[in-house]
Amino acid sequence: MTTHEEPVVELRPATPADVAAIARIWHEGWGDGHLGNVPAALVAVRTAHSFGLRAPQRVADTAVATVGGEVAGFVMVVDDEVEQVYVDANHRGTTVARSLLAEAERRVAARGHTRAWLAVVNGNARARRFYERNGWTDEGLFEYLAASDSGPIRVPCHRYAKRVAAS
């Protein structure tokens with residue numbers, strides 16, 4: 001693929017057959033955006049194995065973007081929260097992330113909400129720039145409670161929000 005040629009991105013609900021790809025992309029992407037930016041306690045529990053266990057439980061909340069039939073990224077939405085947006089490293093800088101974010105906004109609106117929100121760890125400047133370029137507003141710092149087997153882990157984050165059209 002040349003740098004000026006955008007891939008054809010197809011969006012669809014995730015299926016159990018997508019779980020391995022979702023877990024891999026999630027683990028790799030999580031490391032890229034979170035290592036050095038979150039408490040050590042969270043890094044300790046976010047292993048490849050943990051993403052492999054969590055991905056099958058989240059299929060119903062997940063939409064995938066495919067390029068050439070392969071999973072290129074995914075988004076997880078629960079109520080009005082865009083919980084996860086991850087793109088395979090080979091597809092970053094293409095339209096995959098924008099397509100997934102638009103799908104997340106559509107899903108939030110389809111649930112009757114007029115505002116979507118998401119959390120971005122403080123040090124993840126790349127993600128923060130991406131959301132701002134796509135019309136999301138930084139509403140300031142807050143502590144996100146990340147789930148773990150031993151209870152929630154407090155993670156300093158920025159809360160981003162965007163108005164979406166309820167359908």
# chains A, B, ... in the order shown; residues from 1 in each chain; ligands from 1

call {"tool": "residues_around", "arguments": {"residues": "region 11-26 of chain A", "least_positions_apart": "5", "cutoff": "7 Å", "atoms": "only C-alpha atoms", "output": "short mmCIF file (atom, residue, chain, number, x, y, z; two decimals) with N, CA, C and O atoms, in the first residue's frame"}}
result
data_model
loop_
_atom_site.label_atom_id
_atom_site.label_comp_id
_atom_site.auth_asym_id
_atom_site.auth_seq_id
_atom_site.Cartn_x
_atom_site.Cartn_y
_atom_site.Cartn_z
N PHE A 51 -5.44 -9.97 28.62
CA PHE A 51 -6.22 -9.50 27.46
C PHE A 51 -6.89 -10.68 26.77
O PHE A 51 -8.00 -10.56 26.27
N GLY A 52 -6.21 -11.83 26.75
CA GLY A 52 -6.81 -13.04 26.19
C GLY A 52 -8.03 -13.50 26.95
O GLY A 52 -8.97 -14.05 26.37
N ALA A 55 -10.93 -10.33 26.33
CA ALA A 55 -11.49 -10.13 24.98
C ALA A 55 -12.74 -10.97 24.72
O ALA A 55 -13.74 -10.43 24.21
N PRO A 56 -12.79 -12.26 25.06
CA PRO A 56 -14.01 -13.03 24.78
C PRO A 56 -15.22 -12.54 25.55
O PRO A 56 -16.35 -12.67 25.10
N VAL A 59 -17.07 -9.39 23.51
CA VAL A 59 -17.48 -9.46 22.10
C VAL A 59 -18.76 -8.66 21.84
O VAL A 59 -18.86 -7.93 20.86
N THR A 62 -18.27 -4.92 21.24
CA THR A 62 -17.16 -4.61 20.35
C THR A 62 -17.57 -4.58 18.88
O THR A 62 -18.32 -5.43 18.42
N ALA A 63 -17.02 -3.60 18.18
CA ALA A 63 -17.09 -3.55 16.71
C ALA A 63 -15.66 -3.63 16.21
O ALA A 63 -14.73 -3.11 16.85
N VAL A 64 -15.47 -4.31 15.10
CA VAL A 64 -14.14 -4.41 14.50
C VAL A 64 -14.11 -3.69 13.16
O VAL A 64 -15.13 -3.58 12.47
N ALA A 65 -12.91 -3.19 12.84
CA ALA A 65 -12.64 -2.65 11.51
C ALA A 65 -11.77 -3.69 10.82
O ALA A 65 -10.80 -4.18 11.40
N THR A 66 -12.15 -4.05 9.60
CA THR A 66 -11.34 -4.99 8.84
C THR A 66 -10.82 -4.31 7.58
O THR A 66 -11.47 -3.41 7.02
N VAL A 71 -8.73 -8.29 10.77
CA VAL A 71 -9.05 -7.31 11.80
C VAL A 71 -7.91 -6.31 11.90
O VAL A 71 -6.76 -6.69 12.16
N GLY A 73 -8.46 -3.27 13.70
CA GLY A 73 -8.67 -2.51 14.92
C GLY A 73 -10.04 -2.80 15.47
O GLY A 73 -10.84 -3.52 14.86
N PHE A 74 -10.31 -2.24 16.66
CA PHE A 74 -11.61 -2.47 17.29
C PHE A 74 -11.95 -1.32 18.22
O PHE A 74 -11.09 -0.54 18.62
N TYR A 86 -8.57 0.74 19.66
CA TYR A 86 -7.22 0.27 19.36
C TYR A 86 -7.11 -0.11 17.89
O TYR A 86 -8.02 -0.71 17.33
N VAL A 87 -5.96 0.24 17.32
CA VAL A 87 -5.67 -0.05 15.92
C VAL A 87 -4.36 -0.82 15.85
O VAL A 87 -3.38 -0.46 16.52
N ASP A 88 -4.34 -1.88 15.04
CA ASP A 88 -3.12 -2.63 14.81
C ASP A 88 -2.03 -1.66 14.34
O ASP A 88 -2.30 -0.74 13.55
#

call {"tool": "select_by_dssp", "arguments": {"residues": "region 5-70 of chain A", "states": "strand (DSSP E or B)", "output": "list in words"}}
result
Glu10, Leu11, Arg12, Pro13, Thr62, Ala63, Val64, Ala65, Thr66, Val67 and Glu70 of chain A

call {"tool": "write_last_selection", "arguments": {"atoms": "C-alpha atoms", "output": "compact mmCIF listing (two decimals), in the first residue's frame"}}
result
# COMPACT_ATOMS: atom_id res chain seq x y z
CA GLU A 10 -15.23 -2.30 6.71
CA LEU A 11 -16.94 -2.12 10.11
CA ARG A 12 -18.97 -4.92 11.66
CA PRO A 13 -19.92 -6.35 15.06
CA THR A 62 -17.16 -4.61 20.35
CA ALA A 63 -17.09 -3.55 16.71
CA VAL A 64 -14.14 -4.41 14.50
CA ALA A 65 -12.64 -2.65 11.51
CA THR A 66 -11.34 -4.99 8.84
CA VAL A 67 -9.02 -4.30 5.93
CA GLU A 70 -8.24 -9.03 8.49

call {"tool": "closest_residue", "arguments": {"among": "A:Pro152, A:Gly135, A:Gly69, A:Gly29", "to": "Ala89 (chain A)", "atoms": "only C-alpha atoms"}}
result
A:Gly29

call {"tool": "residues_around", "arguments": {"residues": "Leu35 (chain A)", "least_positions_apart": "4", "cutoff": "12 Å", "atoms": "only C-alpha atoms", "output": "PyMOL selection string"}}
result
chain A and resi 27-31+39-44+46-47+121-124

call {"tool": "residues_around", "arguments": {"residues": "Arg126 (chain A)", "least_positions_apart": "4", "cutoff": "9 Å", "atoms": "only C-alpha atoms", "output": "list in words"}}
result
Gly33, Phe130 and Tyr131 of chain A

call {"tool": "write_last_selection", "arguments": {"atoms": "N, CA, C and O atoms", "output": "compact mmCIF listing (two decimals), in the first residue's frame"}}
result
# COMPACT_ATOMS: atom_id res chain seq x y z
N GLY A 33 0.40 2.80 24.53
CA GLY A 33 -0.19 4.01 25.09
C GLY A 33 -0.09 4.15 26.59
O GLY A 33 -0.27 5.25 27.13
N PHE A 130 -5.23 12.87 18.70
CA PHE A 130 -6.19 12.23 17.81
C PHE A 130 -7.62 12.61 18.18
O PHE A 130 -8.42 13.01 17.32
N TYR A 131 -7.98 12.49 19.47
CA TYR A 131 -9.35 12.81 19.88
C TYR A 131 -9.66 14.28 19.66
O TYR A 131 -10.75 14.62 19.18

call {"tool": "atom_distance", "arguments": {"atom1": "CA of His49 (chain A)", "atom2": "CA of Ala147 (chain A)"}}
result
15.2 Å

call {"tool": "closest_residue", "arguments": {"among": "A:Pro156, A:Thr94, A:Val164, A:Arg58", "to": "Arg107 (chain A)", "atoms": "only C-alpha atoms"}}
result
A:Val164

call {"tool": "atom_distance", "arguments": {"atom1": "CA of Ala127 (chain A)", "atom2": "CA of Ser150 (chain A)"}}
result
27.9 Å

call {"tool": "atom_distance", "arguments": {"atom1": "CA of Gln84 (chain A)", "atom2": "CA of Phe142 (chain A)"}}
result
17.3 Å
